[in-house]
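Shown below: run.tsv, with TSV, C-alpha atoms.
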```
chain	number	residue	atom	x	y	z
A	1	MET	CA	21.61	10.23	108.29
A	2	ARG	CA	19.12	13.07	108.27
A	3	GLU	CA	17.15	11.98	105.19
A	4	GLU	CA	15.44	8.88	106.50
A	5	ASN	CA	12.16	7.35	105.43
A	6	PHE	CA	10.44	7.66	108.75
A	7	GLU	CA	8.16	10.25	110.27
A	8	LYS	CA	9.85	12.71	112.59
A	9	ILE	CA	7.19	13.32	115.17
A	10	THR	CA	9.44	15.96	116.73
A	11	GLU	CA	9.17	18.00	113.51
A	12	LYS	CA	5.39	17.78	113.08
A	13	ASP	CA	3.33	20.97	113.32
A	14	SER	CA	2.28	22.09	116.76
A	15	LEU	CA	-1.28	21.33	117.79
A	16	TYR	CA	-1.62	25.08	118.40
A	17	ASP	CA	-1.40	27.97	115.96
A	18	HIS	CA	-1.25	31.77	116.04
A	19	LEU	CA	0.82	31.61	119.22
A	20	GLU	CA	1.70	35.28	118.95
A	21	LYS	CA	-2.00	36.15	119.29
A	22	MET	CA	-2.41	34.27	122.57
A	23	SER	CA	-2.42	36.07	125.91
A	24	VAL	CA	0.34	35.25	128.38
A	25	HIS	CA	-2.18	33.22	130.39
A	26	GLU	CA	-3.20	31.23	127.31
A	27	LEU	CA	0.42	30.55	126.42
A	28	LEU	CA	1.24	29.30	129.91
A	29	VAL	CA	-1.86	27.10	130.18
A	30	ASN	CA	-1.30	25.55	126.76
A	31	ILE	CA	2.39	24.90	127.37
A	32	ASN	CA	1.48	23.30	130.68
A	33	ASN	CA	-1.19	21.16	129.03
A	34	GLU	CA	1.44	19.83	126.62
A	35	ASP	CA	3.93	19.26	129.45
A	36	LYS	CA	1.37	17.10	131.27
A	37	LYS	CA	1.69	14.53	128.49
A	38	VAL	CA	5.39	13.91	129.15
A	39	PRO	CA	5.33	11.67	132.26
A	40	PHE	CA	2.71	9.43	130.68
A	41	ALA	CA	4.90	9.03	127.61
A	42	VAL	CA	7.86	8.18	129.85
A	43	GLU	CA	5.73	5.64	131.72
A	44	LYS	CA	5.17	3.71	128.49
A	45	ALA	CA	8.94	3.44	128.04
A	46	ILE	CA	9.66	1.99	131.51
A	47	PRO	CA	10.13	-1.57	130.17
A	48	GLN	CA	12.85	-0.28	127.83
A	49	ILE	CA	14.45	1.81	130.59
A	50	GLU	CA	14.44	-1.18	132.95
A	51	VAL	CA	16.36	-3.42	130.56
A	52	LEU	CA	18.93	-0.70	129.92
A	53	VAL	CA	19.42	0.04	133.63
A	54	GLU	CA	19.93	-3.66	134.41
A	55	ARG	CA	22.73	-3.80	131.86
A	56	ILE	CA	24.29	-0.58	133.15
A	57	ILE	CA	24.36	-1.98	136.69
A	58	GLU	CA	26.06	-5.16	135.47
A	59	ARG	CA	28.76	-3.22	133.65
A	60	LEU	CA	29.42	-0.76	136.47
A	61	GLN	CA	29.68	-3.59	138.98
A	62	LYS	CA	32.48	-4.99	136.83
A	63	GLY	CA	34.41	-1.72	136.71
A	64	GLY	CA	32.81	-0.13	133.68
A	65	ARG	CA	31.65	3.46	133.37
A	66	LEU	CA	28.56	5.23	132.01
A	67	PHE	CA	28.82	7.75	129.18
A	68	TYR	CA	26.20	10.09	127.72
A	69	ILE	CA	26.68	11.73	124.34
A	70	GLY	CA	24.52	14.31	122.62
A	71	ALA	CA	24.35	17.64	120.82
A	72	GLY	CA	22.64	20.87	121.82
A	73	THR	CA	19.96	20.46	124.49
A	74	SER	CA	20.44	16.69	124.54
A	75	GLY	CA	24.17	17.01	125.19
A	76	ARG	CA	23.64	19.61	127.89
A	77	LEU	CA	21.14	17.42	129.71
A	78	GLY	CA	23.57	14.50	129.66
A	79	ILE	CA	26.31	16.68	131.10
A	80	LEU	CA	23.92	17.98	133.76
A	81	ASP	CA	23.01	14.48	134.89
A	82	ALA	CA	26.62	13.31	134.89
A	83	SER	CA	27.85	16.35	136.81
A	84	GLU	CA	25.30	15.82	139.59
A	85	CYS	CA	26.27	12.21	140.32
A	86	PRO	CA	29.45	12.92	142.36
A	87	PRO	CA	27.91	15.48	144.74
A	88	THR	CA	24.69	13.49	145.14
A	89	PHE	CA	26.09	9.98	145.45
A	90	GLY	CA	29.78	10.51	146.28
A	91	VAL	CA	30.98	8.58	143.22
A	92	GLU	CA	34.20	9.28	141.34
A	93	GLU	CA	33.99	12.16	138.87
A	94	ASP	CA	34.71	9.89	135.91
A	95	LEU	CA	32.14	7.19	136.70
A	96	VAL	CA	29.41	9.01	134.77
A	97	VAL	CA	30.66	11.20	131.91
A	98	GLY	CA	28.71	13.56	129.66
A	99	LEU	CA	29.96	14.58	126.23
A	100	ILE	CA	28.55	17.24	123.90
A	101	ALA	CA	29.19	17.97	120.23
A	102	GLY	CA	31.50	20.98	120.09
A	103	GLY	CA	33.07	20.34	123.49
A	104	ASP	CA	32.76	22.48	126.60
A	105	THR	CA	32.17	25.65	124.56
A	106	ALA	CA	28.89	24.16	123.35
A	107	ILE	CA	27.55	23.92	126.89
A	108	ARG	CA	26.85	27.66	126.77
A	109	LYS	CA	26.94	28.54	123.07
A	110	ALA	CA	25.94	26.69	119.92
A	111	VAL	CA	28.93	25.44	117.92
A	112	GLU	CA	28.13	25.49	114.20
A	113	GLU	CA	28.00	22.14	112.42
A	114	ALA	CA	29.50	20.27	115.39
A	115	GLU	CA	26.59	17.84	115.47
A	116	ASP	CA	27.07	16.97	111.78
A	117	SER	CA	30.41	15.21	112.25
A	118	THR	CA	30.41	11.42	111.87
A	119	THR	CA	33.90	10.97	113.35
A	120	GLN	CA	34.35	13.50	116.17
A	121	GLY	CA	32.10	11.72	118.66
A	122	TRP	CA	34.24	8.60	118.62
A	123	GLN	CA	37.39	10.69	119.03
A	124	ASP	CA	35.78	12.46	121.99
A	125	LEU	CA	35.00	9.09	123.57
A	126	LEU	CA	38.52	7.77	123.06
A	127	ALA	CA	39.89	10.92	124.70
A	128	GLU	CA	37.99	9.83	127.82
A	129	ASN	CA	39.51	6.33	127.63
A	130	PHE	CA	36.24	4.69	126.63
A	131	THR	CA	36.49	0.89	126.31
A	132	LYS	CA	34.23	-2.05	125.53
A	133	ARG	CA	33.68	-2.49	129.29
A	134	ASP	CA	31.71	0.77	129.36
A	135	VAL	CA	28.16	1.86	128.52
A	136	LEU	CA	27.28	4.58	126.03
A	137	ILE	CA	23.86	6.25	125.88
A	138	GLY	CA	23.24	8.43	122.86
A	139	ILE	CA	20.74	11.24	123.41
A	140	ALA	CA	18.96	12.85	120.45
A	141	ALA	CA	15.33	13.89	120.26
A	142	SER	CA	15.30	13.55	116.47
A	143	GLY	CA	17.22	10.29	116.49
A	144	THR	CA	19.19	11.44	113.45
A	145	THR	CA	22.08	13.53	114.83
A	146	PRO	CA	25.20	12.26	112.97
A	147	TYR	CA	27.56	13.00	115.89
A	148	VAL	CA	25.46	10.76	118.13
A	149	VAL	CA	24.32	8.02	115.74
A	150	SER	CA	27.79	7.38	114.32
A	151	THR	CA	29.33	7.17	117.79
A	152	VAL	CA	26.72	4.75	119.10
A	153	LYS	CA	27.27	2.52	116.05
A	154	LYS	CA	31.03	2.52	116.58
A	155	ALA	CA	30.76	1.84	120.31
A	156	ARG	CA	28.41	-1.07	119.69
A	157	GLU	CA	30.87	-2.58	117.20
A	158	THR	CA	33.52	-2.64	119.93
A	159	GLY	CA	31.30	-4.68	122.26
A	160	ALA	CA	30.31	-1.86	124.59
A	161	ILE	CA	26.72	-1.70	125.84
A	162	THR	CA	24.82	0.94	123.89
A	163	GLY	CA	21.53	2.61	124.67
A	164	CYS	CA	19.77	5.73	123.53
A	165	ILE	CA	17.07	8.22	124.43
A	166	THR	CA	15.06	9.48	121.47
A	167	MET	CA	11.55	10.67	120.71
A	168	ASN	CA	11.14	9.22	117.20
A	169	PRO	CA	10.27	5.56	116.64
A	170	GLY	CA	12.17	3.96	113.78
A	171	SER	CA	14.95	6.53	113.85
A	172	PRO	CA	18.58	5.72	112.92
A	173	LEU	CA	19.56	6.14	116.57
A	174	GLU	CA	16.90	3.71	117.77
A	175	LYS	CA	18.22	1.17	115.25
A	176	ALA	CA	21.87	1.80	116.13
A	177	ALA	CA	21.49	1.24	119.88
A	178	GLU	CA	21.29	-2.21	121.40
A	179	TYR	CA	18.93	-0.99	124.13
A	180	PRO	CA	16.88	1.95	122.80
A	181	VAL	CA	14.54	4.04	124.90
A	182	THR	CA	11.96	5.79	122.74
A	183	VAL	CA	9.61	8.27	124.39
A	184	VAL	CA	6.92	9.58	122.06
A	185	VAL	CA	5.91	12.98	123.42
A	186	GLY	CA	4.27	14.25	120.24
A	187	PRO	CA	4.71	17.59	118.46
A	188	GLU	CA	6.19	20.49	120.41
A	189	PHE	CA	4.18	23.57	121.40
A	190	VAL	CA	6.52	25.60	119.22
A	191	THR	CA	7.00	23.42	116.16
A	192	GLY	CA	10.35	21.62	116.26
A	193	SER	CA	11.49	23.15	119.56
A	194	SER	CA	12.68	19.91	121.14
A	195	ARG	CA	14.10	21.76	124.15
A	196	MET	CA	10.53	21.67	125.44
A	197	LYS	CA	8.66	18.34	125.83
A	198	ALA	CA	11.47	16.25	124.37
A	199	GLY	CA	14.00	17.87	126.69
A	200	THR	CA	11.74	17.34	129.70
A	201	ALA	CA	11.34	13.68	128.80
A	202	GLN	CA	15.09	13.26	128.40
A	203	LYS	CA	15.69	14.81	131.82
A	204	LEU	CA	13.15	12.48	133.44
A	205	VAL	CA	14.67	9.40	131.83
A	206	LEU	CA	18.22	10.44	132.76
A	207	ASN	CA	17.09	10.96	136.36
A	208	MET	CA	15.61	7.47	136.36
A	209	ILE	CA	18.71	5.86	134.85
A	210	SER	CA	21.37	7.40	137.08
A	211	THR	CA	19.34	7.37	140.29
A	212	SER	CA	18.13	3.78	140.03
A	213	THR	CA	21.60	2.60	138.97
A	214	LEU	CA	23.40	4.24	141.87
A	215	ILE	CA	20.78	3.13	144.38
A	216	LYS	CA	21.34	-0.46	143.27
A	217	LEU	CA	25.10	0.10	143.55
A	218	GLY	CA	24.62	0.91	147.23
A	219	ARG	CA	24.89	4.69	147.18
A	220	VAL	CA	21.65	5.27	149.13
A	221	LYS	CA	20.75	3.95	152.59
A	222	GLY	CA	17.04	3.79	153.28
A	223	ASN	CA	16.08	6.89	151.35
A	224	LYS	CA	19.05	9.03	152.33
A	225	MET	CA	22.06	10.28	150.33
A	226	VAL	CA	24.61	8.96	152.81
A	227	ASP	CA	27.53	9.45	150.40
A	228	MET	CA	26.73	13.01	149.33
A	229	GLN	CA	29.63	15.45	149.20
A	230	LEU	CA	29.64	18.06	151.97
A	231	THR	CA	30.07	21.02	149.65
A	232	ASN	CA	27.97	23.64	151.45
A	233	ALA	CA	26.28	24.52	154.73
A	234	LYS	CA	22.91	23.12	153.63
A	235	LEU	CA	24.37	19.68	152.94
A	236	ILE	CA	26.38	19.67	156.17
A	237	ASP	CA	23.18	20.48	158.06
A	238	ARG	CA	21.30	17.73	156.19
A	239	GLY	CA	24.02	15.20	156.96
A	240	THR	CA	24.13	16.26	160.59
A	241	ARG	CA	20.40	15.65	160.98
A	242	MET	CA	20.69	12.24	159.32
A	243	ILE	CA	23.27	11.26	161.91
A	244	MET	CA	21.18	12.67	164.76
A	245	ASN	CA	18.20	10.58	163.67
A	246	GLU	CA	20.28	7.39	163.58
A	247	THR	CA	22.37	7.89	166.71
A	248	GLN	CA	20.47	10.28	169.03
A	249	LEU	CA	23.63	12.41	169.25
A	250	SER	CA	23.25	16.14	169.85
A	251	TYR	CA	23.42	18.45	166.84
A	252	GLU	CA	26.91	19.62	167.77
A	253	ASP	CA	28.27	16.12	168.33
A	254	ALA	CA	26.70	14.80	165.16
A	255	ARG	CA	28.08	17.71	163.14
A	256	ASN	CA	31.57	17.27	164.57
A	257	LEU	CA	31.50	13.54	163.79
A	258	LEU	CA	30.31	14.23	160.25
A	259	LEU	CA	33.04	16.78	159.56
A	260	LYS	CA	35.67	14.48	161.06
A	261	LYS	CA	34.69	11.48	158.93
A	262	GLY	CA	33.69	13.34	155.77
A	263	SER	CA	30.42	11.54	154.99
A	264	VAL	CA	27.27	10.33	156.67
A	265	ARG	CA	28.11	6.72	155.84
A	266	LEU	CA	31.56	6.85	157.42
A	267	ALA	CA	30.29	8.76	160.44
A	268	LEU	CA	27.60	6.15	161.13
A	269	LYS	CA	30.04	3.31	160.58
A	270	ASP	CA	32.45	4.86	163.09
A	271	PHE	CA	29.71	5.51	165.64
A	272	PHE	CA	28.23	2.01	165.59
A	273	HIS	CA	31.65	0.35	165.43
A	274	LYS	CA	32.54	1.96	168.74
A	275	LYS	CA	29.25	1.01	170.40
```

In structure tokens, how does this file's structure come out?
Amino acid sequence: MREENFEKITEKDSLYDHLEKMSVHELLVNINNEDKKVPFAVEKAIPQIEVLVERIIERLQKGGRLFYIGAGTSGRLGILDASECPPTFGVEEDLVVGLIAGGDTAIRKAVEEAEDSTTQGWQDLLAENFTKRDVLIGIAASGTTPYVVSTVKKARETGAITGCITMNPGSPLEKAAEYPVTVVVGPEFVTGSSRMKAGTAQKLVLNMISTSTLIKLGRVKGNKMVDMQLTNAKLIDRGTRMIMNETQLSYEDARNLLLKKGSVRLALKDFFHKK
């Protein structure tokens, strides 16, 4: 899967050389100049992202779930996005699931050869009770990671919706996924270091996918996170002020109502039901 007849843009030489001779200022400016290219590359992929999100919404409305799968940086970014959905939107912990080659150990430390397996990814999915009702998004900057490509192929064969996020047009992953998202960010500042621009692009696309999906599933009211979990003082204060703005209650009364009901949505529902 690695030896494909296509050009890996993510492996091309950096546009900069003699990095070790640059001053700190020069390094920072040049890295920033490369980073500026990322949102414009993502913008070009919006039509692809839109089609994928529409299909995700359809599946989740019918009881399906969303899975991300990746290796290394790509896997970690999928796990990050999945882990932030429950506290941000109040959804069940298993609605959005992130999987990484090598398992939880690989979140912090590289697991040798884990990404080279062509069977483990599918086993990892089955362990999470993945079915054809679900959606799988494979994440791989190179588009060649065996752990990811093989799993996306298998999931698609079962009838599940499959998408991907990659940075290389014509890659095996792009071909394997039914709804590919390809963001061409160009060579990395440090040649081949796809944790940089590629990783930034992946994070932006993941934000777009999960946020737009859960907004359309009713998890935001106006522009507020009315279903957020009240896990710390900052979020309790935020929720309290949301209720104050909607009800004109005092801070103390709004806070007490929030803590009693457990979410902004339920607190507002209770307040206006009694009016």

Which residues are near Ser150 of chain A? Cut-off 7 Å, only C-alpha atoms, ignore same chain within fewer than 4 positions. Put them as a ChimeraX atom specification.
/A:118,146,154

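Using all atoms listed in the file for every distance, the candidate list A:Glu93, A:Asp237, A:Glu43, A:Glu157 yields A:Asp237 as the residue closest to Tyr251 of chain A.
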
Applying 8 Å and all atoms listed in the file, which residues near Thr166 of chain A remain after dropping the ones on its own chain fewer than 2 positions away? List them as an NGL selection string.
:A and (139-143 or 164 or 168-169 or 173-174 or 180-183 or 202)

Closest to Gly102 of chain A among A:Glu84, A:Asp124, A:Asp13, A:Asp270, using all atoms listed in the file?
A:Asp124

Straight-line distance linking atom CA of Gly192 of chain A with atom CA of Tyr68 of chain A, stated in Å to one decimal:
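So the answer is 22.7 Å.
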
Could you tell me, as a list in words, which residues have any atom at most 12 Å from (26.9, 4.2, 151.8), counting only C-alpha atoms?
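The requested residues, written out, are Thr88, Phe89, Gly90, Val91, Leu214, Ile215, Lys216, Leu217, Gly218, Arg219, Val220, Lys221, Gly222, Asn223, Lys224, Met225, Val226, Asp227, Met228, Gln229, Ser263, Val264, Arg265, Leu266, Ala267, Leu268 and Lys269 of chain A.
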
Quick one: everything within 12 Å of Lys44 of chain A, counting only C-alpha atoms, minus sequence neighbours fewer than 6 positions away in the same chain. Send it as a list of chain:residue names.
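Near Lys44 of chain A, the qualifying residues are A:Lys37, A:Val38, A:Glu50, A:Val181, A:Thr182, A:Val183, A:Val184, A:Val185, A:Ala201, A:Val205.
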
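The smallest atom-to-atom distance between Thr131 of chain A and any of A:Gly103, A:Gly98, A:Pro47, A:Gly64, using all atoms listed in the file, is found for A:Gly64.
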
Calculate how many Å separate atom CA of Asp94 of chain A from atom CA of Leu136 of chain A, rounding to one decimal.
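Computing it gives 13.5 Å between the two atoms.
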